[in-house]
file final-v9.tsv (TSV, C-alpha atoms and all ligand atoms)
chain	number	residue	atom	x	y	z
A	638	MET	CA	-56.41	128.86	-65.11
A	639	ARG	CA	-59.06	126.23	-65.74
A	640	ALA	CA	-62.44	127.27	-67.14
A	641	TRP	CA	-65.35	125.35	-68.60
A	642	MET	CA	-66.02	126.47	-72.18
A	643	PHE	CA	-69.27	125.93	-74.08
A	644	HIS	CA	-68.48	125.05	-77.71
A	645	ALA	CA	-71.89	123.81	-78.88
A	646	PRO	CA	-74.94	122.03	-77.42
A	647	GLY	CA	-73.63	118.89	-75.72
A	648	ASP	CA	-70.01	120.05	-76.07
A	649	LEU	CA	-68.57	121.52	-72.85
A	650	ARG	CA	-64.80	121.37	-72.28
A	651	LEU	CA	-62.65	122.14	-69.25
A	652	GLU	CA	-59.79	124.14	-70.76
A	653	GLU	CA	-56.70	126.04	-69.76
A	654	VAL	CA	-57.35	129.75	-70.50
A	655	GLU	CA	-55.69	133.08	-69.74
A	656	PRO	CA	-57.24	134.68	-66.61
A	657	GLY	CA	-58.85	138.07	-67.32
A	658	ARG	CA	-57.52	141.37	-65.96
A	659	PRO	CA	-60.05	143.92	-64.66
A	660	GLY	CA	-60.48	146.99	-66.85
A	661	PRO	CA	-61.76	150.36	-65.53
A	662	GLY	CA	-64.60	149.82	-63.07
A	663	GLU	CA	-64.22	146.02	-63.15
A	664	VAL	CA	-63.36	143.56	-60.39
A	665	ALA	CA	-61.52	140.21	-60.67
A	666	VAL	CA	-62.74	137.45	-58.37
A	667	GLU	CA	-61.18	134.10	-57.49
A	668	ILE	CA	-64.15	131.76	-57.51
A	669	ARG	CA	-64.53	129.62	-54.39
A	670	ALA	CA	-67.96	128.12	-55.10
A	671	ALA	CA	-70.17	127.93	-58.19
A	672	ALA	CA	-73.66	126.45	-58.32
A	673	THR	CA	-75.31	124.49	-61.12
A	674	CYS	CA	-78.74	125.64	-62.20
A	675	GLY	CA	-81.60	124.40	-64.38
A	676	THR	CA	-80.64	127.04	-66.94
A	677	ASP	CA	-77.17	125.45	-67.20
A	678	LEU	CA	-78.70	122.07	-67.95
A	679	LYS	CA	-81.01	123.57	-70.61
A	680	SER	CA	-78.12	125.55	-72.15
A	681	TYR	CA	-75.85	122.48	-72.18
A	682	ARG	CA	-78.50	120.47	-74.02
A	683	ARG	CA	-80.01	123.04	-76.37
A	684	GLY	CA	-77.77	126.12	-76.32
A	685	HIS	CA	-79.26	129.47	-75.31
A	686	PRO	CA	-80.64	132.33	-77.43
A	687	THR	CA	-78.97	135.19	-75.52
A	688	LEU	CA	-76.34	133.83	-73.11
A	689	PHE	CA	-73.59	133.08	-75.63
A	690	PRO	CA	-72.88	136.01	-77.98
A	691	SER	CA	-69.92	134.13	-79.52
A	692	LEU	CA	-68.50	130.60	-79.25
A	693	PRO	CA	-66.71	129.09	-77.46
A	694	ALA	CA	-68.13	130.92	-74.42
A	695	ARG	CA	-67.57	130.83	-70.67
A	696	PHE	CA	-70.28	128.93	-68.77
A	697	GLY	CA	-72.19	129.20	-65.49
A	698	HIS	CA	-73.65	132.19	-63.66
A	699	GLU	CA	-73.97	131.44	-59.92
A	700	PHE	CA	-70.81	132.02	-57.90
A	701	ALA	CA	-69.16	133.54	-54.84
A	702	GLY	CA	-65.48	134.21	-54.21
A	703	VAL	CA	-62.70	136.55	-53.15
A	704	VAL	CA	-61.68	139.79	-54.87
A	705	THR	CA	-58.11	139.50	-56.22
A	706	GLU	CA	-57.75	142.73	-58.18
A	707	VAL	CA	-59.83	145.83	-58.86
A	708	GLY	CA	-59.76	147.98	-61.99
A	709	GLU	CA	-59.10	151.70	-62.22
A	710	GLY	CA	-61.71	153.80	-60.42
A	711	VAL	CA	-63.13	151.03	-58.23
A	712	THR	CA	-63.45	152.32	-54.67
A	713	THR	CA	-66.22	150.09	-53.28
A	714	PHE	CA	-64.28	146.82	-53.40
A	715	ALA	CA	-60.74	145.82	-52.46
A	716	PRO	CA	-58.60	142.68	-52.80
A	717	GLY	CA	-59.31	140.10	-50.10
A	718	GLN	CA	-63.01	140.89	-49.75
A	719	ARG	CA	-65.49	138.03	-49.96
A	720	VAL	CA	-68.17	138.82	-52.53
A	721	VAL	CA	-71.18	137.53	-54.40
A	722	ALA	CA	-72.64	138.99	-57.60
A	723	ALA	CA	-75.82	138.61	-59.60
A	724	ASN	CA	-75.61	137.30	-63.15
A	725	THR	CA	-77.03	140.37	-64.86
A	726	CYS	CA	-77.53	144.07	-64.52
A	727	PRO	CA	-80.32	146.19	-65.99
A	728	CYS	CA	-79.29	149.30	-67.97
A	729	GLY	CA	-81.22	151.72	-65.76
A	730	SER	CA	-82.33	153.92	-68.66
A	731	CYS	CA	-84.61	151.98	-71.03
A	732	TRP	CA	-88.42	152.40	-70.80
A	733	ALA	CA	-88.73	149.30	-68.57
A	734	CYS	CA	-86.03	150.41	-66.13
A	735	THR	CA	-87.53	153.89	-66.07
A	736	ILE	CA	-90.90	152.59	-64.89
A	737	GLY	CA	-89.30	150.29	-62.28
A	738	ARG	CA	-89.71	147.05	-64.25
A	739	GLU	CA	-85.99	146.22	-64.44
A	740	SER	CA	-86.55	142.49	-64.98
A	741	LEU	CA	-87.94	143.50	-68.39
A	742	CYS	CA	-84.88	145.64	-69.25
A	743	GLU	CA	-84.21	145.68	-72.99
A	744	ASN	CA	-80.45	145.84	-72.49
A	745	LEU	CA	-79.77	143.33	-69.69
A	746	GLN	CA	-76.04	142.77	-69.42
A	747	TYR	CA	-75.16	139.11	-68.70
A	748	LEU	CA	-72.20	137.63	-66.88
A	749	ASN	CA	-71.14	134.06	-67.63
A	750	GLY	CA	-68.13	132.10	-66.53
A	751	ALA	CA	-68.83	130.89	-62.99
A	752	PHE	CA	-67.41	127.42	-63.68
A	753	ALA	CA	-63.78	128.53	-63.63
A	754	GLU	CA	-61.04	129.52	-61.23
A	755	GLN	CA	-61.50	133.23	-61.86
A	756	ILE	CA	-64.02	135.69	-63.30
A	757	VAL	CA	-63.99	139.40	-64.11
A	758	ILE	CA	-67.19	141.20	-63.10
A	759	PRO	CA	-68.15	143.95	-65.58
A	760	LYS	CA	-68.49	147.56	-64.43
A	761	ALA	CA	-72.32	147.75	-64.47
A	762	ILE	CA	-72.66	144.61	-62.32
A	763	VAL	CA	-69.90	145.83	-59.96
A	764	GLU	CA	-71.80	149.08	-59.48
A	765	ARG	CA	-75.31	147.73	-59.00
A	766	ASN	CA	-75.36	143.99	-58.32
A	767	THR	CA	-72.21	142.97	-56.42
A	768	TYR	CA	-72.11	142.61	-52.62
A	769	GLN	CA	-69.59	141.96	-49.91
A	770	ILE	CA	-70.65	139.02	-47.73
A	771	PRO	CA	-69.89	138.39	-44.05
A	772	ASP	CA	-67.30	135.81	-42.95
A	773	THR	CA	-70.15	133.84	-41.37
A	774	LEU	CA	-71.70	133.17	-44.78
A	775	ALA	CA	-70.07	130.21	-46.60
A	776	PHE	CA	-69.25	130.71	-50.28
A	777	GLU	CA	-71.21	127.54	-51.00
A	778	ALA	CA	-74.33	128.98	-49.36
A	779	ALA	CA	-73.97	132.38	-51.10
A	780	ALA	CA	-73.47	131.03	-54.63
A	781	PRO	CA	-77.19	130.47	-55.44
A	782	LEU	CA	-77.90	134.21	-55.19
A	783	GLU	CA	-79.48	134.43	-58.64
A	784	PRO	CA	-82.33	131.93	-58.16
A	785	LEU	CA	-83.02	133.26	-54.66
A	786	SER	CA	-83.29	136.78	-56.11
A	787	THR	CA	-85.84	135.61	-58.68
A	788	VAL	CA	-87.87	133.95	-55.92
A	789	VAL	CA	-87.73	137.16	-53.86
A	790	HIS	CA	-89.16	138.86	-56.97
A	791	GLY	CA	-91.94	136.24	-57.10
A	792	MET	CA	-92.65	136.79	-53.40
A	793	ALA	CA	-92.99	140.53	-54.01
A	794	GLU	CA	-95.57	139.88	-56.75
A	795	SER	CA	-97.44	137.21	-54.77
A	796	GLY	CA	-99.10	139.35	-52.12
A	797	ILE	CA	-98.61	136.50	-49.59
A	798	ALA	CA	-99.80	137.71	-46.17
A	799	LEU	CA	-99.81	136.49	-42.56
A	800	GLY	CA	-101.97	133.40	-42.14
A	801	ASP	CA	-102.33	132.65	-45.86
A	802	THR	CA	-102.43	129.12	-47.22
A	803	VAL	CA	-99.87	128.88	-49.99
A	804	VAL	CA	-99.62	125.93	-52.38
A	805	VAL	CA	-96.23	125.35	-53.98
A	806	ASN	CA	-96.53	123.24	-57.12
A	807	GLY	CA	-93.15	121.63	-57.77
A	808	THR	CA	-90.54	121.19	-55.05
A	809	GLY	CA	-87.20	121.43	-56.85
A	810	PRO	CA	-84.77	124.15	-55.69
A	811	ILE	CA	-87.14	126.97	-56.71
A	812	GLY	CA	-90.09	125.35	-54.93
A	813	GLN	CA	-87.97	124.77	-51.81
A	814	MET	CA	-87.06	128.48	-51.74
A	815	TYR	CA	-90.73	129.48	-52.03
A	816	ILE	CA	-91.62	127.09	-49.20
A	817	ARG	CA	-89.14	128.78	-46.86
A	818	LEU	CA	-89.80	132.38	-47.90
A	819	ALA	CA	-93.60	131.98	-47.73
A	820	GLN	CA	-93.20	130.79	-44.13
A	821	LEU	CA	-91.02	133.81	-43.33
A	822	ARG	CA	-94.08	135.84	-44.37
A	823	GLY	CA	-96.27	133.89	-41.97
A	824	ALA	CA	-98.01	131.58	-44.42
A	825	SER	CA	-98.83	127.87	-44.06
A	826	VAL	CA	-97.40	126.02	-47.04
A	827	ILE	CA	-98.73	122.93	-48.81
A	828	ALA	CA	-96.32	121.33	-51.27
A	829	ALA	CA	-97.34	119.24	-54.29
A	830	ASP	CA	-95.04	117.07	-56.39
A	831	MET	CA	-94.57	113.52	-57.66
A	832	SER	CA	-91.18	112.83	-56.10
A	833	PRO	CA	-91.23	111.33	-52.57
A	834	GLY	CA	-87.63	112.55	-52.05
A	835	ARG	CA	-88.46	116.16	-52.91
A	836	LEU	CA	-91.67	116.02	-50.84
A	837	ALA	CA	-89.65	114.79	-47.84
A	838	GLN	CA	-87.38	117.82	-48.34
A	839	ALA	CA	-90.49	120.03	-48.46
A	840	GLU	CA	-91.60	118.63	-45.11
A	841	GLN	CA	-88.15	119.30	-43.69
A	842	ALA	CA	-88.45	122.85	-44.98
A	843	GLY	CA	-91.61	123.24	-42.91
A	844	ALA	CA	-94.49	122.46	-45.28
A	845	VAL	CA	-97.59	121.74	-43.14
A	846	ALA	CA	-98.82	119.19	-45.67
A	847	VAL	CA	-97.49	117.49	-48.79
A	848	VAL	CA	-99.56	116.10	-51.64
A	849	ASP	CA	-98.06	113.27	-53.69
A	850	LEU	CA	-99.61	113.52	-57.14
A	851	THR	CA	-98.22	110.17	-58.30
A	852	GLY	CA	-100.85	108.13	-60.15
A	853	LEU	CA	-103.22	111.04	-60.71
A	854	GLU	CA	-103.75	111.48	-64.45
A	855	SER	CA	-105.70	114.66	-65.16
A	856	VAL	CA	-104.95	118.22	-64.16
A	857	ALA	CA	-108.43	118.37	-62.58
A	858	ASP	CA	-107.72	115.32	-60.39
A	859	LYS	CA	-104.39	116.77	-59.29
A	860	ALA	CA	-105.93	120.15	-58.49
A	861	ALA	CA	-108.75	118.44	-56.57
A	862	ALA	CA	-106.24	116.47	-54.46
A	863	ILE	CA	-104.36	119.68	-53.66
A	864	LYS	CA	-107.52	121.64	-52.84
A	865	ALA	CA	-108.63	118.85	-50.48
A	866	ALA	CA	-105.53	119.58	-48.37
A	867	THR	CA	-106.42	123.29	-47.97
A	868	PRO	CA	-108.64	124.63	-45.14
A	869	HIS	CA	-112.29	123.69	-45.83
A	870	GLY	CA	-111.15	122.38	-49.22
A	871	ARG	CA	-111.57	125.92	-50.50
A	872	GLY	CA	-108.25	126.23	-52.30
A	873	ALA	CA	-105.06	128.26	-51.99
A	874	ASP	CA	-104.91	131.95	-51.20
A	875	VAL	CA	-101.78	131.97	-53.31
A	876	ALA	CA	-100.51	129.15	-55.55
A	877	ILE	CA	-97.02	129.07	-57.00
A	878	GLU	CA	-95.93	127.28	-60.19
A	879	ALA	CA	-92.28	126.26	-59.85
A	880	VAL	CA	-91.87	123.69	-62.62
A	881	GLY	CA	-92.27	125.33	-66.03
A	882	LEU	CA	-94.78	122.89	-67.57
A	883	PRO	CA	-98.07	124.16	-69.06
A	884	GLU	CA	-100.06	121.41	-67.32
A	885	VAL	CA	-98.63	122.53	-63.97
A	886	TRP	CA	-99.50	126.15	-64.84
A	887	GLU	CA	-103.09	124.92	-65.30
A	888	GLN	CA	-102.97	122.89	-62.06
A	889	THR	CA	-101.74	126.01	-60.25
A	890	VAL	CA	-104.69	128.11	-61.40
A	891	GLN	CA	-107.17	125.31	-60.67
A	892	CYS	CA	-106.08	124.89	-57.04
A	893	LEU	CA	-106.88	128.54	-56.14
A	894	ARG	CA	-109.68	129.61	-53.85
A	895	PRO	CA	-112.06	132.22	-55.29
A	896	GLY	CA	-110.16	135.48	-55.50
A	897	GLY	CA	-106.80	133.72	-55.19
A	898	THR	CA	-103.52	134.62	-56.87
A	899	ALA	CA	-101.43	132.32	-59.08
A	900	VAL	CA	-97.74	133.11	-59.45
A	901	LEU	CA	-96.67	131.49	-62.73
A	902	PHE	CA	-92.94	131.28	-62.28
A	903	GLY	CA	-91.38	128.27	-64.05
A	904	GLY	CA	-90.14	129.02	-67.58
A	905	PRO	CA	-91.97	126.87	-70.16
A	906	LYS	CA	-90.59	125.81	-73.57
A	907	ALA	CA	-90.93	128.21	-76.50
A	908	GLY	CA	-94.36	127.94	-78.13
A	909	SER	CA	-96.11	126.67	-74.97
A	910	THR	CA	-99.67	127.73	-74.25
A	911	PHE	CA	-101.98	126.93	-71.34
A	912	ASN	CA	-105.72	126.94	-70.75
A	913	VAL	CA	-107.71	128.83	-68.16
A	914	ASP	CA	-111.46	128.46	-67.68
A	915	ALA	CA	-112.63	131.95	-68.70
A	916	VAL	CA	-115.87	131.58	-66.72
A	917	ALA	CA	-113.95	130.74	-63.54
A	918	MET	CA	-111.48	133.53	-64.27
A	919	HIS	CA	-114.40	135.96	-64.37
A	920	TYR	CA	-116.74	134.73	-61.64
A	921	LEU	CA	-113.99	133.60	-59.26
A	922	GLU	CA	-111.82	136.67	-59.82
A	923	TYR	CA	-108.52	134.89	-60.17
A	924	LYS	CA	-105.37	136.94	-60.39
A	925	LEU	CA	-102.63	135.45	-62.61
A	926	VAL	CA	-99.12	136.86	-62.33
A	927	GLY	CA	-96.17	136.07	-64.59
A	928	VAL	CA	-92.77	136.47	-62.97
A	929	TYR	CA	-89.39	136.51	-64.69
A	930	HIS	CA	-85.84	137.16	-63.52
A	931	HIS	CA	-84.87	139.68	-60.82
A	932	ALA	CA	-83.98	143.33	-60.24
A	933	PRO	CA	-81.30	144.98	-58.07
A	934	ARG	CA	-83.72	145.60	-55.19
A	935	TYR	CA	-84.56	141.87	-55.06
A	936	VAL	CA	-80.90	140.89	-55.29
A	937	GLN	CA	-80.23	143.16	-52.31
A	938	ILE	CA	-82.98	141.46	-50.29
A	939	ALA	CA	-81.66	138.01	-51.26
A	940	VAL	CA	-78.14	138.95	-50.11
A	941	ASN	CA	-79.65	140.11	-46.83
A	942	LEU	CA	-81.59	136.84	-46.37
A	943	LEU	CA	-78.40	134.84	-46.99
A	944	SER	CA	-76.16	137.04	-44.85
A	945	THR	CA	-78.47	137.01	-41.84
A	946	GLY	CA	-79.10	133.25	-42.12
A	947	LYS	CA	-82.85	133.80	-42.56
A	948	PHE	CA	-82.42	131.68	-45.65
A	949	ASP	CA	-79.74	128.98	-45.57
A	950	GLY	CA	-78.39	128.54	-49.11
A	951	MET	CA	-76.88	125.17	-48.19
A	952	THR	CA	-80.36	123.65	-47.96
A	953	LEU	CA	-80.45	123.77	-51.78
A	954	CYS	CA	-77.16	121.94	-52.26
A	955	SER	CA	-77.31	118.26	-53.22
A	956	GLU	CA	-73.53	117.78	-52.95
A	957	VAL	CA	-70.26	119.74	-53.04
A	958	ARG	CA	-67.93	118.55	-55.82
A	959	GLY	CA	-64.78	119.57	-57.68
A	960	LEU	CA	-64.82	121.87	-60.71
A	961	GLU	CA	-64.13	118.93	-63.02
A	962	ALA	CA	-67.48	117.34	-62.06
A	963	LEU	CA	-69.61	119.78	-64.10
A	964	ILE	CA	-70.83	117.41	-66.81
A	965	ASP	CA	-71.46	114.58	-64.31
A	966	SER	CA	-73.43	117.02	-62.16
A	967	LEU	CA	-75.56	118.23	-65.08
A	968	GLU	CA	-76.25	114.58	-66.02
A	969	ASP	CA	-77.16	113.79	-62.40
A	970	MET	CA	-79.57	116.73	-62.41
A	971	SER	CA	-81.25	115.50	-65.58
A	972	ARG	CA	-81.64	112.02	-64.03
A	973	GLY	CA	-83.13	113.56	-60.88
A	974	VAL	CA	-80.27	112.27	-58.69
A	975	GLY	CA	-79.65	115.77	-57.31
A	976	SER	CA	-81.04	119.20	-58.07
A	977	LYS	CA	-78.19	121.62	-57.39
A	978	TYR	CA	-74.47	120.92	-57.13
A	979	ILE	CA	-71.86	123.27	-55.74
A	980	LEU	CA	-68.54	123.04	-57.57
A	981	GLN	CA	-65.32	124.19	-55.94
A	982	PRO	CA	-62.46	125.13	-58.32
B	1	ZN	ZN	-79.32	130.11	-62.17
B	2	ZN	ZN	-83.05	148.83	-69.00
call {"tool": "encode", "arguments": {"input": "final-v9.tsv", "output": "structure tokens"}}
result
Amino acid sequence: MRAWMFHAPGDLRLEEVEPGRPGPGEVAVEIRAAATCGTDLKSYRRGHPTLFPSLPARFGHEFAGVVTEVGEGVTTFAPGQRVVAANTCPCGSCWACTIGRESLCENLQYLNGAFAEQIVIPKAIVERNTYQIPDTLAFEAAAPLEPLSTVVHGMAESGIALGDTVVVNGTGPIGQMYIRLAQLRGASVIAADMSPGRLAQAEQAGAVAVVDLTGLESVADKAAAIKAATPHGRGADVAIEAVGLPEVWEQTVQCLRPGGTAVLFGGPKAGSTFNVDAVAMHYLEYKLVGVYHHAPRYVQIAVNLLSTGKFDGMTLCSEVRGLEALIDSLEDMSRGVGSKYILQP
């Protein structure tokens, strides 16, 4: 079968490899759709500290497909079923898992290899983070389960309530998911970005206002422009950071109303720091929340949102392409041509 193999930063090759056979507790899946992700682009360029234990390594982590074979002892899945799986599973027994903070698990087990014709899902992920999907849900729409699960996690931490004004800073795929999920919770969403194309998508997704930050230099000016779009210019009840740049983290805090909550979601580069006005933090009682990764309960909610059509995964897809188009798609993402490509083996 064909599989993309990561040899080194900048060196990805589509190779002919032996398909895996499922061991005890494992499930083999024929991949029907795999989605590119910002993490793939970063890993392709710079490598990744934890994703590739040895090289060359399988690549990609967002996929949906059909079960072809189950290992000994598997009773919950059978050949022919349509499934989707998360890219990790927490161990369930470390201190973090024990206190219900599974996204901080010390022994997260990763699954890579979505950009291929077949994948074998390890036992722990079969048991806790793999789901059958209905025939009405397209593989292409189900593939981006991982990012949707992380956004569901962010929603859980956000405290967004009926009638809130939510500002989403950054309207790439993650921002677009926040825009839709915040509305499901009954919030009015204002989207801020510098790309007219992405802002048009935000409007389509139901944002009540969009703020084009093009030409504004300072963080203070950008935050002021965003605040001006909120009711009475007071600021956001909840502001989301969905970019991963320290200056946008600062912008996110600065566009809050007194007592507002900032969800700092985008992953910044190693060594990044950001500044918060300590006086404002104190007198205006800001709440700053860091959010990373997902947990089985959020994955379950994400599967439910996809399966019921409450969230349409296809809205994230820039284009459906063949498996061989991986490198072109990553390059197109880095040039801003598209933000998420679905590859079909
Ligand atoms: Zn991803
Ligand atoms: Zn754990």
call {"tool": "residues_near_ligand", "arguments": {"input": "final-v9.tsv", "ligand": "ligand ZN 2 (chain B)", "cutoff": "10 Å", "atoms": "only C-alpha atoms and all ligand atoms", "output": "VMD selection string"}}
result
chain A and resid 726 to 746
call {"tool": "residues_around", "arguments": {"input": "final-v9.tsv", "residues": "Ala701 (chain A)", "least_positions_apart": "5", "cutoff": "7 Å", "atoms": "all atoms listed in the file", "output": "tab-separated table (two decimals) with C-alpha atoms, in the frame of the given file"}}
result
chain	number	residue	atom	x	y	z
A	668	ILE	CA	-64.15	131.76	-57.51
A	669	ARG	CA	-64.53	129.62	-54.39
A	670	ALA	CA	-67.96	128.12	-55.10
A	671	ALA	CA	-70.17	127.93	-58.19
A	720	VAL	CA	-68.17	138.82	-52.53
A	721	VAL	CA	-71.18	137.53	-54.40
A	776	PHE	CA	-69.25	130.71	-50.28
A	779	ALA	CA	-73.97	132.38	-51.10
A	780	ALA	CA	-73.47	131.03	-54.63
call {"tool": "residues_around", "arguments": {"input": "final-v9.tsv", "residues": "Gly697 (chain A)", "least_positions_apart": "6", "cutoff": "6 Å", "atoms": "only C-alpha atoms", "output": "list in words"}}
result
Asn749, Gly750, Ala751 and Phe752 of chain A
call {"tool": "atom_distance", "arguments": {"input": "final-v9.tsv", "atom1": "CA of Tyr920 (chain A)", "atom2": "CA of Pro895 (chain A)"}}
result
8.3 Å
call {"tool": "closest_residue", "arguments": {"input": "final-v9.tsv", "among": "A:Ala672, A:Ala793, A:Ala694, A:Ala865", "to": "ligand ZN 1 (chain B)", "atoms": "all atoms listed in the file"}}
result
A:Ala672
call {"tool": "residues_around", "arguments": {"input": "final-v9.tsv", "residues": "Ser966 (chain A)", "least_positions_apart": "4", "cutoff": "7 Å", "atoms": "all atoms listed in the file", "output": "list of chain:residue names"}}
result
A:Ala962, A:Met970, A:Tyr978
call {"tool": "residues_near_ligand", "arguments": {"input": "final-v9.tsv", "ligand": "ligand ZN 1 (chain B)", "cutoff": "9 Å", "atoms": "all atoms listed in the file", "output": "PyMOL selection string"}}
result
chain A and resi 672-677+697-699+724+781-785
call {"tool": "closest_residue", "arguments": {"input": "final-v9.tsv", "among": "A:Thr687, A:Ser909, A:Asn941, A:Gln841", "to": "Tyr768 (chain A)", "atoms": "only C-alpha atoms"}}
result
A:Asn941
call {"tool": "closest_residue", "arguments": {"input": "final-v9.tsv", "among": "A:Val666, A:Ala723, A:Ala837, A:Leu882", "to": "Gln937 (chain A)", "atoms": "only C-alpha atoms"}}
result
A:Ala723
call {"tool": "closest_residue", "arguments": {"input": "final-v9.tsv", "among": "A:Pro759, A:Gly872, A:Pro905, A:Gly791", "to": "Val890 (chain A)", "atoms": "only C-alpha atoms"}}
result
A:Gly872
call {"tool": "residues_around", "arguments": {"input": "final-v9.tsv", "residues": "Pro716 (chain A)", "least_positions_apart": "3", "cutoff": "7 Å", "atoms": "all atoms listed in the file", "output": "PDB file with C-alpha atoms, keeping the file's coordinate frame"}}
result
ATOM      1  CA  VAL A 704     -61.680 139.790 -54.870  1.00  0.00           C
ATOM      2  CA  THR A 705     -58.110 139.500 -56.220  1.00  0.00           C
ATOM      3  CA  GLU A 706     -57.750 142.730 -58.180  1.00  0.00           C
ATOM      4  CA  VAL A 707     -59.830 145.830 -58.860  1.00  0.00           C
TER       5      VAL A 707
END
call {"tool": "residues_around", "arguments": {"input": "final-v9.tsv", "residues": "Gly684 (chain A)", "least_positions_apart": "5", "cutoff": "10 Å", "atoms": "all atoms listed in the file", "output": "ChimeraX atom specification"}}
result
/A:643-648,676-679,689
call {"tool": "closest_residue", "arguments": {"input": "final-v9.tsv", "among": "A:Val803, A:Ala775, A:Phe948, A:Leu901", "to": "Glu887 (chain A)", "atoms": "only C-alpha atoms"}}
result
A:Leu901
call {"tool": "closest_residue", "arguments": {"input": "final-v9.tsv", "among": "A:Leu651, A:Val789, A:Val763, A:Leu774", "to": "Met951 (chain A)", "atoms": "all atoms listed in the file"}}
result
A:Leu774
call {"tool": "atom_distance", "arguments": {"input": "final-v9.tsv", "atom1": "CA of Gln981 (chain A)", "atom2": "CA of Leu942 (chain A)"}}
result
22.7 Å
call {"tool": "atom_distance", "arguments": {"input": "final-v9.tsv", "atom1": "CA of His919 (chain A)", "atom2": "CA of Gly896 (chain A)"}}
result
9.8 Å
call {"tool": "build_atoms", "arguments": {"input": "final-v9.tsv", "residues": "region 894-910 of chain A", "atoms": "N, CA and C atoms", "output": "compact mmCIF listing (two decimals), keeping the file's coordinate frame"}}
result
# COMPACT_ATOMS: atom_id res chain seq x y z
N ARG A 894 -108.36 129.27 -54.39
CA ARG A 894 -109.68 129.61 -53.85
C ARG A 894 -110.24 130.76 -54.69
N PRO A 895 -111.55 131.03 -54.59
CA PRO A 895 -112.06 132.22 -55.29
C PRO A 895 -111.27 133.46 -54.85
N GLY A 896 -110.91 134.26 -55.82
CA GLY A 896 -110.16 135.48 -55.50
C GLY A 896 -108.68 135.26 -55.24
N GLY A 897 -108.20 134.03 -55.48
CA GLY A 897 -106.80 133.72 -55.19
C GLY A 897 -105.85 134.20 -56.28
N THR A 898 -104.56 134.16 -55.95
CA THR A 898 -103.52 134.62 -56.87
C THR A 898 -102.61 133.46 -57.28
N ALA A 899 -102.38 133.32 -58.59
CA ALA A 899 -101.43 132.32 -59.08
C ALA A 899 -100.16 133.03 -59.53
N VAL A 900 -99.03 132.59 -59.00
CA VAL A 900 -97.74 133.11 -59.45
C VAL A 900 -97.15 132.08 -60.40
N LEU A 901 -97.11 132.42 -61.68
CA LEU A 901 -96.67 131.49 -62.73
C LEU A 901 -95.20 131.77 -63.00
N PHE A 902 -94.36 130.95 -62.42
CA PHE A 902 -92.94 131.28 -62.28
C PHE A 902 -92.02 130.47 -63.19
N GLY A 903 -92.29 129.15 -63.30
CA GLY A 903 -91.38 128.27 -64.05
C GLY A 903 -91.40 128.60 -65.54
N GLY A 904 -90.23 128.66 -66.17
CA GLY A 904 -90.14 129.02 -67.58
C GLY A 904 -90.49 127.86 -68.50
N PRO A 905 -91.59 127.96 -69.25
CA PRO A 905 -91.97 126.87 -70.16
C PRO A 905 -91.17 126.95 -71.47
N LYS A 906 -91.23 125.87 -72.25
CA LYS A 906 -90.59 125.81 -73.57
C LYS A 906 -91.20 126.83 -74.53
N ALA A 907 -90.41 127.28 -75.50
CA ALA A 907 -90.93 128.21 -76.50
C ALA A 907 -92.15 127.59 -77.18
N GLY A 908 -93.17 128.41 -77.43
CA GLY A 908 -94.36 127.94 -78.13
C GLY A 908 -95.42 127.35 -77.21
N SER A 909 -95.13 127.26 -75.90
CA SER A 909 -96.11 126.67 -74.97
C SER A 909 -97.32 127.58 -74.81
N THR A 910 -98.48 126.98 -74.62
CA THR A 910 -99.67 127.73 -74.25
C THR A 910 -100.33 126.98 -73.09
